[in-house]
$ cat input-v8.txt   # compact mmCIF, C-alpha atoms
# COMPACT_ATOMS: atom_id res chain seq x y z
CA MET A 1 90.78 35.78 -9.54
CA ASN A 2 88.66 37.93 -11.77
CA GLY A 3 85.89 37.07 -14.18
CA ASP A 4 87.75 38.15 -17.34
CA ARG A 5 90.70 35.89 -16.58
CA HIS A 6 88.47 32.90 -15.98
CA PHE A 7 86.42 33.61 -19.12
CA LEU A 8 89.56 33.55 -21.29
CA THR A 9 90.63 30.34 -19.60
CA TRP A 10 87.21 28.85 -20.32
CA LEU A 11 87.57 29.66 -24.03
CA ALA A 12 90.93 27.91 -24.16
CA LEU A 13 89.65 24.90 -22.24
CA SER A 14 86.58 24.64 -24.45
CA THR A 15 88.80 24.45 -27.51
CA ALA A 16 90.99 21.78 -25.93
CA VAL A 17 87.99 19.76 -24.82
CA CYS A 18 86.47 19.81 -28.32
CA LEU A 19 89.73 18.62 -29.87
CA ALA A 20 89.85 15.67 -27.47
CA GLN A 21 86.26 14.51 -27.91
CA ALA A 22 86.75 11.42 -30.02
CA ALA A 23 89.65 10.11 -27.94
CA SER A 24 88.18 10.48 -24.46
CA ALA A 25 84.46 9.68 -24.63
CA ALA A 26 83.21 8.12 -21.39
CA SER A 27 80.06 7.85 -19.30
CA ILE A 28 79.95 10.17 -16.28
CA ALA A 29 77.44 10.45 -13.43
CA VAL A 30 77.20 14.00 -12.06
CA ASP A 31 75.56 14.04 -8.64
CA VAL A 32 73.93 17.22 -7.27
CA GLY A 33 74.95 17.31 -3.63
CA HIS A 34 72.16 17.40 -0.99
CA TYR A 35 68.42 17.73 -1.68
CA LEU A 36 65.54 20.12 -1.03
CA ALA A 37 64.58 18.80 2.41
CA LYS A 38 68.20 18.99 3.61
CA PRO A 39 69.85 21.52 1.30
CA GLY A 40 73.28 21.60 2.93
CA VAL A 41 75.22 24.68 3.95
CA ILE A 42 73.47 28.04 4.08
CA SER A 43 75.65 30.65 2.39
CA ALA A 44 76.75 33.96 3.85
CA ARG A 45 73.79 35.57 2.08
CA GLY A 46 71.24 32.95 3.08
CA VAL A 47 71.19 30.81 -0.09
CA PRO A 48 70.99 27.01 0.35
CA GLU A 49 73.98 25.06 -0.92
CA PHE A 50 71.71 22.87 -3.06
CA GLU A 51 71.03 25.84 -5.37
CA TYR A 52 74.75 26.36 -5.96
CA ASN A 53 75.32 22.63 -6.41
CA LEU A 54 72.55 22.33 -8.99
CA ARG A 55 73.77 25.29 -11.03
CA LEU A 56 77.36 24.06 -11.16
CA ALA A 57 76.37 20.43 -11.75
CA ARG A 58 74.37 21.48 -14.80
CA GLU A 59 77.36 23.42 -16.14
CA VAL A 60 79.74 20.52 -15.49
CA SER A 61 77.27 18.19 -17.25
CA ALA A 62 77.08 20.54 -20.24
CA ALA A 63 80.87 20.79 -20.46
CA LEU A 64 81.21 17.01 -20.32
CA GLN A 65 78.58 16.58 -23.04
CA ARG A 66 80.36 19.11 -25.26
CA ALA A 67 83.45 16.94 -24.84
CA GLY A 68 81.54 13.95 -26.19
CA HIS A 69 80.85 12.18 -22.90
CA THR A 70 77.57 10.53 -21.95
CA VAL A 71 76.26 12.22 -18.79
CA LEU A 72 73.71 11.16 -16.18
CA LEU A 73 72.62 14.00 -13.87
CA ILE A 74 71.58 12.58 -10.49
CA GLY A 75 69.52 14.49 -7.93
CA GLY A 76 68.61 17.44 -10.12
CA ASP A 77 64.99 17.40 -8.96
CA GLY A 78 66.04 17.80 -5.32
CA LEU A 79 64.11 14.68 -4.27
CA ALA A 80 66.90 12.08 -4.12
CA GLU A 81 67.05 11.68 -0.35
CA ASP A 82 68.70 8.25 -0.19
CA LEU A 83 72.40 8.94 -0.67
CA CYS A 84 73.32 5.27 -1.08
CA LYS A 85 70.85 4.82 -3.93
CA ARG A 86 72.43 7.71 -5.80
CA ALA A 87 75.63 5.77 -6.32
CA THR A 88 73.81 2.64 -7.49
CA ARG A 89 72.15 4.64 -10.25
CA ALA A 90 75.59 5.08 -11.76
CA ASN A 91 76.42 1.35 -11.92
CA GLY A 92 78.23 0.51 -15.13
CA MET A 93 79.39 4.06 -15.81
CA ASP A 94 83.03 5.20 -15.83
CA LEU A 95 83.04 7.86 -13.09
CA PHE A 96 80.81 9.35 -10.36
CA ILE A 97 81.34 13.03 -9.44
CA SER A 98 79.40 14.58 -6.55
CA ILE A 99 79.21 18.39 -6.70
CA HIS A 100 79.18 20.41 -3.46
CA HIS A 101 80.04 23.79 -1.96
CA ASP A 102 81.87 24.16 1.30
CA SER A 103 81.55 25.55 4.81
CA VAL A 104 83.84 25.76 7.87
CA GLN A 105 83.67 24.62 11.47
CA PRO A 106 81.41 26.72 13.77
CA ARG A 107 84.33 28.14 15.75
CA PHE A 108 85.34 30.24 12.72
CA PHE A 109 81.99 31.99 12.21
CA SER A 110 81.20 35.64 12.79
CA ALA A 111 77.92 37.51 12.20
CA TRP A 112 76.99 40.26 9.74
CA GLU A 113 73.86 42.07 8.59
CA HIS A 114 72.62 41.30 5.09
CA GLU A 115 69.30 42.55 3.72
CA GLY A 116 67.93 43.08 7.19
CA GLU A 117 68.99 39.65 8.51
CA THR A 118 71.82 38.69 10.83
CA ARG A 119 73.68 35.84 9.16
CA PRO A 120 76.76 33.75 10.00
CA TYR A 121 79.80 33.99 7.74
CA SER A 122 83.49 33.20 7.72
CA ASP A 123 86.05 34.83 5.45
CA HIS A 124 88.96 32.84 6.90
CA PHE A 125 89.03 30.09 4.28
CA SER A 126 88.49 29.73 0.55
CA GLY A 127 89.30 27.44 -2.35
CA PHE A 128 88.35 24.03 -3.72
CA SER A 129 88.86 20.57 -2.26
CA LEU A 130 88.35 17.00 -3.49
CA PHE A 131 87.66 13.79 -1.57
CA VAL A 132 88.01 10.08 -2.25
CA SER A 133 87.19 7.03 -0.11
CA ARG A 134 89.53 4.13 0.50
CA LEU A 135 86.40 2.01 1.01
CA ASN A 136 85.58 2.46 -2.67
CA GLY A 137 86.65 -0.58 -4.69
CA HIS A 138 88.32 1.63 -7.30
CA ILE A 139 90.42 3.90 -5.10
CA GLY A 140 93.30 4.03 -7.59
CA ALA A 141 91.11 5.31 -10.44
CA SER A 142 89.19 7.57 -8.07
CA LEU A 143 92.39 9.22 -6.87
CA LYS A 144 93.76 9.48 -10.40
CA CYS A 145 90.70 11.44 -11.54
CA ALA A 146 90.53 13.57 -8.40
CA SER A 147 94.20 14.51 -8.82
CA ALA A 148 93.69 15.29 -12.51
CA ILE A 149 90.76 17.57 -11.68
CA GLY A 150 92.71 19.34 -8.94
CA ALA A 151 95.67 19.88 -11.26
CA GLY A 152 93.42 21.13 -14.04
CA LEU A 153 91.71 23.60 -11.72
CA ARG A 154 95.04 24.94 -10.47
CA GLN A 155 96.22 25.38 -14.06
CA ALA A 156 93.00 27.29 -14.76
CA GLY A 157 93.80 29.71 -11.93
CA PHE A 158 91.69 28.28 -9.11
CA ALA A 159 93.23 28.04 -5.65
CA PRO A 160 93.11 24.83 -3.60
CA SER A 161 92.14 24.85 0.07
CA ARG A 162 94.20 23.19 2.80
CA TYR A 163 91.60 23.73 5.50
CA HIS A 164 90.23 20.20 5.70
CA ALA A 165 93.64 18.80 6.69
CA ASP A 166 93.87 21.04 9.78
CA PRO A 167 94.24 18.94 12.96
CA ILE A 168 91.02 20.18 14.57
CA PRO A 169 87.77 18.42 15.55
CA GLY A 170 85.58 17.84 12.52
CA GLU A 171 88.46 18.11 10.04
CA ASN A 172 91.87 16.38 10.07
CA ARG A 173 91.23 14.73 6.69
CA PRO A 174 94.57 13.30 5.52
CA PHE A 175 95.87 14.31 2.13
CA ALA A 176 95.77 11.76 -0.64
CA ASP A 177 97.40 14.32 -2.97
CA GLU A 178 98.44 17.47 -1.14
CA ALA A 179 99.46 19.49 -4.19
CA ASN A 180 96.01 19.13 -5.73
CA SER A 181 93.98 19.32 -2.49
CA VAL A 182 92.70 15.74 -2.61
CA HIS A 183 91.78 14.24 0.78
CA TYR A 184 90.80 10.82 2.05
CA PHE A 185 87.29 10.81 3.57
CA ASP A 186 86.48 7.15 3.82
CA ASN A 187 82.93 7.20 5.20
CA LEU A 188 81.26 9.52 2.70
CA ALA A 189 78.19 7.52 1.70
CA VAL A 190 78.09 8.37 -2.00
CA LEU A 191 81.78 7.45 -2.39
CA LYS A 192 82.09 4.27 -0.36
CA THR A 193 78.91 2.74 -1.80
CA ALA A 194 79.78 3.46 -5.43
CA SER A 195 80.70 0.44 -7.54
CA ILE A 196 82.70 2.65 -9.90
CA PRO A 197 85.47 5.27 -9.41
CA ALA A 198 83.98 8.13 -7.41
CA LEU A 199 84.99 11.50 -6.01
CA LEU A 200 83.40 14.44 -4.24
CA PHE A 201 84.21 18.00 -5.31
CA GLU A 202 83.86 21.05 -3.02
CA ALA A 203 83.90 23.96 -5.47
CA GLY A 204 84.31 26.82 -3.02
CA VAL A 205 83.51 28.10 0.47
CA ILE A 206 80.12 29.82 0.21
CA VAL A 207 80.13 31.03 3.82
CA ASN A 208 83.01 33.22 2.67
CA ARG A 209 81.36 36.42 1.44
CA ASP A 210 83.74 37.08 -1.46
CA GLU A 211 83.91 33.46 -2.56
CA GLU A 212 80.13 33.20 -2.57
CA LEU A 213 80.01 36.03 -5.10
CA ARG A 214 82.60 34.25 -7.24
CA MET A 215 80.57 31.06 -7.18
CA ARG A 216 77.58 33.04 -8.47
CA ASP A 217 79.51 34.36 -11.47
CA PRO A 218 79.15 32.40 -14.76
CA ALA A 219 82.55 33.77 -15.82
CA VAL A 220 84.02 31.81 -12.89
CA ARG A 221 81.84 28.70 -12.99
CA GLN A 222 82.23 28.00 -16.72
CA PRO A 223 86.04 27.77 -16.63
CA MET A 224 85.71 25.58 -13.54
CA ALA A 225 83.34 23.25 -15.40
CA GLY A 226 85.63 23.27 -18.45
CA ALA A 227 88.66 22.36 -16.34
CA ILE A 228 86.76 19.44 -14.82
CA ALA A 229 85.66 18.18 -18.25
CA ALA A 230 89.19 18.38 -19.65
CA ALA A 231 90.62 16.56 -16.61
CA VAL A 232 88.04 13.77 -16.84
CA GLY A 233 89.03 13.12 -20.44
CA ALA A 234 92.67 12.91 -19.36
CA CYS A 235 92.22 10.62 -16.37
CA LEU A 236 89.94 7.92 -17.79
CA GLU A 237 91.13 5.20 -20.12
CA ARG A 238 90.56 6.13 -23.72
CA ARG A 239 87.89 4.01 -25.32
CA GLY A 240 88.96 2.22 -28.42
CA ALA A 241 92.66 2.61 -27.57
CA GLY A 242 93.41 -0.99 -26.82
CA GLY A 243 90.47 -2.05 -24.64
$ encode --input "input-v8.txt" --output "structure tokens"
Amino acid sequence: MNGDRHFLTWLALSTAVCLAQAASAASIAVDVGHYLAKPGVISARGVPEFEYNLRLAREVSAALQRAGHTVLLIGGDGLAEDLCKRATRANGMDLFISIHHDSVQPRFFSAWEHEGETRPYSDHFSGFSLFVSRLNGHIGASLKCASAIGAGLRQAGFAPSRYHADPIPGENRPFADEANSVHYFDNLAVLKTASIPALLFEAGVIVNRDEELRMRDPAVRQPMAGAIAAAVGACLERRGAGG
């Protein structure tokens, strides 16, 4: 995937999203995965996952707002340490989306030198994944939106990952929708405690050296955010269309 291709896709998605504004307005909570004290995965170049999550969450929020949705950004200050309380902040909204970036199991790591530091990396896996919890009281709607986002990302040229379904310790997450890389992960705190439809999105594998660079590129992130916004409008019930 190259930046030019994704930029053109973003332009097309932006147009489609704008045309659908009036029909698909909803209220969406966008959760920034992790927080400053525990920032998640450290990328192949030594950047905390939280920084990638915050950047993409802001772009997803902006894309949703352009589409006419009401957006609540949760955890943007990096201080929201109680994961269960994050979900309760979204009570009464239509959808909760938690934004993350991915890693792999330790057995797949190698070491390389970057800017004078020896750092772990793994180029074995790449791609996006989505997760839903069967302990969430709205699993049907959660899965519907996760599948719509996965399908929209594939149509925009992004590749899904199958890694989390591998039958190895620490993975073995069953598919809820294999084609669109949606997995069941029942005990994720922000999903099972949410009182509304909820999903977790892993945008890419930032311990993969090439994928980390892609996740840094606005010409890649903006089409990703646009695909998510378009899919959200498609998966939620249209307000004013019969209740």
$ atom_distance --input "input-v8.txt" --atom1 "CA of Ala225 in chain A" --atom2 "CA of Pro160 in chain A"
15.4 Å
$ closest_atom_pairs --input "input-v8.txt" --of "range 62-100 of chain A" --to "range 144-152 of chain A" --cutoff "12 Å" --atoms "only C-alpha atoms" --output "JSON lines"
{"residue": "A:Asp94", "atom": "CA", "partner": "A:Cys145", "partner_atom": "CA", "distance": 10.8}
{"residue": "A:Leu95", "atom": "CA", "partner": "A:Cys145", "partner_atom": "CA", "distance": 8.6}
{"residue": "A:Phe96", "atom": "CA", "partner": "A:Cys145", "partner_atom": "CA", "distance": 10.2}
{"residue": "A:Ile97", "atom": "CA", "partner": "A:Ala146", "partner_atom": "CA", "distance": 9.3}
{"residue": "A:Ser98", "atom": "CA", "partner": "A:Ala146", "partner_atom": "CA", "distance": 11.3}
$ atom_distance --input "input-v8.txt" --atom1 "CA of Gly204 in chain A" --atom2 "CA of Val30 in chain A"
17.2 Å
$ atom_distance --input "input-v8.txt" --atom1 "CA of Arg221 in chain A" --atom2 "CA of Val41 in chain A"
18.6 Å
$ closest_atom_pairs --input "input-v8.txt" --of "range 24-139 of chain A" --to "range 210-220 of chain A" --cutoff "8 Å" --atoms "only C-alpha atoms" --output "tab-separated table"
residue	atom	partner	partner_atom	distance
A:Ser43	CA	A:Glu212	CA	7.2
A:Ala44	CA	A:Glu212	CA	7.3
A:Tyr52	CA	A:Met215	CA	7.6
A:Asp123	CA	A:Asp210	CA	7.6
A:Ser126	CA	A:Glu211	CA	6.7
$ residues_around --input "input-v8.txt" --residues "Ala176 in chain A" --least-positions-apart "3" --cutoff "9 Å" --atoms "only C-alpha atoms" --output "PyMOL selection string"
chain A and resi 131-132+143+147+180-184
$ write_last_selection --input "input-v8.txt" --atoms "C-alpha atoms" --output "compact mmCIF listing (two decimals), keeping the file's coordinate frame"
# COMPACT_ATOMS: atom_id res chain seq x y z
CA PHE A 131 87.66 13.79 -1.57
CA VAL A 132 88.01 10.08 -2.25
CA LEU A 143 92.39 9.22 -6.87
CA SER A 147 94.20 14.51 -8.82
CA ASN A 180 96.01 19.13 -5.73
CA SER A 181 93.98 19.32 -2.49
CA VAL A 182 92.70 15.74 -2.61
CA HIS A 183 91.78 14.24 0.78
CA TYR A 184 90.80 10.82 2.05
$ residues_near_point --input "input-v8.txt" --point "(98.5, 18.7, 5.4)" --cutoff "8 Å" --atoms "all atoms listed in the file" --output "NGL selection string"
:A and (162 or 165-166 or 174-175 or 178)
$ closest_residue --input "input-v8.txt" --among "A:Ser133, A:Gln155, A:Ser142, A:Thr118" --to "Arg173 in chain A" --atoms "only C-alpha atoms"
A:Ser133
$ decode --input "input-v8.txt" --residues "range 89-232 of chain A" --atoms "C-alpha atoms" --output "short mmCIF file (atom, residue, chain, number, x, y, z; two decimals), in the first residue's frame"
data_model
loop_
_atom_site.label_atom_id
_atom_site.label_comp_id
_atom_site.auth_asym_id
_atom_site.auth_seq_id
_atom_site.Cartn_x
_atom_site.Cartn_y
_atom_site.Cartn_z
CA ARG A 89 -18.42 7.80 30.28
CA ALA A 90 -20.04 6.71 27.03
CA ASN A 91 -23.38 5.69 28.60
CA GLY A 92 -26.28 6.73 26.40
CA MET A 93 -24.21 7.03 23.23
CA ASP A 94 -24.60 4.83 20.14
CA LEU A 95 -21.16 3.24 19.85
CA PHE A 96 -17.83 2.93 21.73
CA ILE A 97 -14.65 2.49 19.65
CA SER A 98 -11.30 1.90 21.37
CA ILE A 99 -8.28 2.74 19.19
CA HIS A 100 -5.07 0.70 19.53
CA HIS A 101 -1.95 -0.42 17.68
CA ASP A 102 -0.71 -3.97 17.77
CA SER A 103 2.24 -6.12 18.80
CA VAL A 104 3.09 -9.84 18.58
CA GLN A 105 4.02 -12.57 21.04
CA PRO A 106 7.62 -12.44 22.38
CA ARG A 107 8.68 -15.59 20.53
CA PHE A 108 8.50 -13.69 17.22
CA PHE A 109 10.83 -10.83 18.17
CA SER A 110 14.30 -10.15 16.83
CA ALA A 111 16.66 -7.26 17.63
CA TRP A 112 17.97 -4.39 15.50
CA GLU A 113 19.95 -1.20 15.97
CA HIS A 114 18.06 2.07 15.61
CA GLU A 115 19.56 5.47 16.44
CA GLY A 116 22.19 3.90 18.65
CA GLU A 117 19.74 1.68 20.58
CA THR A 118 19.10 -2.05 20.35
CA ARG A 119 15.36 -2.50 20.01
CA PRO A 120 13.01 -5.47 19.58
CA TYR A 121 11.00 -5.77 16.38
CA SER A 122 9.05 -8.32 14.38
CA ASP A 123 8.31 -8.06 10.67
CA HIS A 124 6.41 -11.37 10.58
CA PHE A 125 2.91 -9.93 10.93
CA SER A 126 0.98 -6.88 9.76
CA GLY A 127 -2.55 -5.65 9.22
CA PHE A 128 -5.60 -4.56 11.21
CA SER A 129 -7.81 -6.53 13.58
CA LEU A 130 -11.06 -5.86 15.44
CA PHE A 131 -12.42 -7.33 18.67
CA VAL A 132 -15.83 -7.66 20.30
CA SER A 133 -16.90 -9.17 23.63
CA ARG A 134 -19.74 -11.64 24.06
CA LEU A 135 -20.06 -10.29 27.62
CA ASN A 136 -21.22 -6.96 26.18
CA GLY A 137 -25.01 -6.68 26.32
CA HIS A 138 -25.13 -5.50 22.69
CA ILE A 139 -23.00 -8.14 21.00
CA GLY A 140 -25.14 -8.17 17.85
CA ALA A 141 -24.75 -4.44 17.23
CA SER A 142 -21.10 -4.56 18.28
CA LEU A 143 -20.35 -7.28 15.75
CA LYS A 144 -22.37 -5.54 13.04
CA CYS A 145 -20.28 -2.38 13.40
CA ALA A 146 -16.98 -4.23 13.72
CA SER A 147 -17.75 -6.19 10.54
CA ALA A 148 -18.76 -3.01 8.71
CA ILE A 149 -15.50 -1.33 9.69
CA GLY A 150 -13.44 -4.34 8.64
CA ALA A 151 -15.22 -4.51 5.28
CA GLY A 152 -14.78 -0.77 4.75
CA LEU A 153 -11.07 -0.96 5.51
CA ARG A 154 -10.59 -3.85 3.10
CA GLN A 155 -12.42 -1.92 0.39
CA ALA A 156 -10.10 1.02 1.08
CA GLY A 157 -7.07 -1.20 0.44
CA PHE A 158 -6.07 -2.12 3.99
CA ALA A 159 -5.10 -5.71 4.73
CA PRO A 160 -6.60 -7.66 7.64
CA SER A 161 -4.43 -9.71 9.98
CA ARG A 162 -5.15 -13.34 10.86
CA TYR A 163 -2.45 -13.53 13.52
CA HIS A 164 -4.68 -13.34 16.60
CA ALA A 165 -6.52 -16.54 15.61
CA ASP A 166 -3.30 -18.61 15.59
CA PRO A 167 -3.53 -21.53 18.06
CA ILE A 168 -0.60 -20.39 20.21
CA PRO A 169 -0.36 -19.26 23.86
CA GLY A 170 -1.53 -15.68 24.24
CA GLU A 171 -3.56 -15.71 21.02
CA ASN A 172 -6.14 -18.25 19.78
CA ARG A 173 -8.89 -15.61 19.60
CA PRO A 174 -11.79 -17.17 17.68
CA PHE A 175 -13.12 -15.38 14.65
CA ALA A 176 -16.48 -13.68 14.92
CA ASP A 177 -16.17 -12.63 11.25
CA GLU A 178 -13.14 -14.15 9.57
CA ALA A 179 -13.40 -12.26 6.29
CA ASN A 180 -13.21 -8.91 8.07
CA SER A 181 -10.74 -9.93 10.81
CA VAL A 182 -13.18 -9.57 13.70
CA HIS A 183 -12.38 -11.70 16.77
CA TYR A 184 -14.12 -12.54 20.02
CA PHE A 185 -12.13 -11.34 23.05
CA ASP A 186 -14.63 -11.59 25.86
CA ASN A 187 -12.64 -10.25 28.82
CA LEU A 188 -11.42 -6.94 27.41
CA ALA A 189 -12.41 -4.51 30.15
CA VAL A 190 -13.53 -1.59 28.00
CA LEU A 191 -15.76 -3.87 25.91
CA LYS A 192 -17.40 -6.08 28.51
CA THR A 193 -18.18 -3.18 30.84
CA ALA A 194 -19.71 -0.96 28.16
CA SER A 195 -23.47 -0.49 28.34
CA ILE A 196 -23.60 0.27 24.61
CA PRO A 197 -22.27 -1.49 21.48
CA ALA A 198 -18.48 -1.52 21.71
CA LEU A 199 -15.47 -2.67 19.72
CA LEU A 200 -11.70 -2.46 19.87
CA PHE A 201 -9.68 -1.64 16.75
CA GLU A 202 -6.02 -2.60 16.27
CA ALA A 203 -4.93 -0.36 13.39
CA GLY A 204 -1.59 -1.97 12.58
CA VAL A 205 1.42 -3.81 13.99
CA ILE A 206 3.87 -1.11 15.10
CA VAL A 207 6.61 -3.58 16.07
CA ASN A 208 6.75 -4.28 12.33
CA ARG A 209 9.28 -1.78 10.98
CA ASP A 210 7.52 -1.10 7.67
CA GLU A 211 4.05 -0.98 9.16
CA GLU A 212 5.19 1.47 11.82
CA LEU A 213 6.23 3.86 9.06
CA ARG A 214 2.84 3.44 7.39
CA MET A 215 1.06 4.23 10.64
CA ARG A 216 3.07 7.46 10.85
CA ASP A 217 1.95 8.61 7.41
CA PRO A 218 -1.10 10.95 7.26
CA ALA A 219 -1.75 9.71 3.72
CA VAL A 220 -2.39 6.28 5.25
CA ARG A 221 -4.13 7.29 8.47
CA GLN A 222 -6.65 9.66 6.89
CA PRO A 223 -8.15 7.05 4.54
CA MET A 224 -8.26 4.64 7.48
CA ALA A 225 -10.18 7.20 9.55
CA GLY A 226 -12.47 7.94 6.61
CA ALA A 227 -13.25 4.25 6.11
CA ILE A 228 -14.14 3.91 9.79
CA ALA A 229 -16.43 6.96 9.66
CA ALA A 230 -18.22 5.70 6.55
CA ALA A 231 -18.68 2.23 8.08
CA VAL A 232 -20.09 3.65 11.32
#
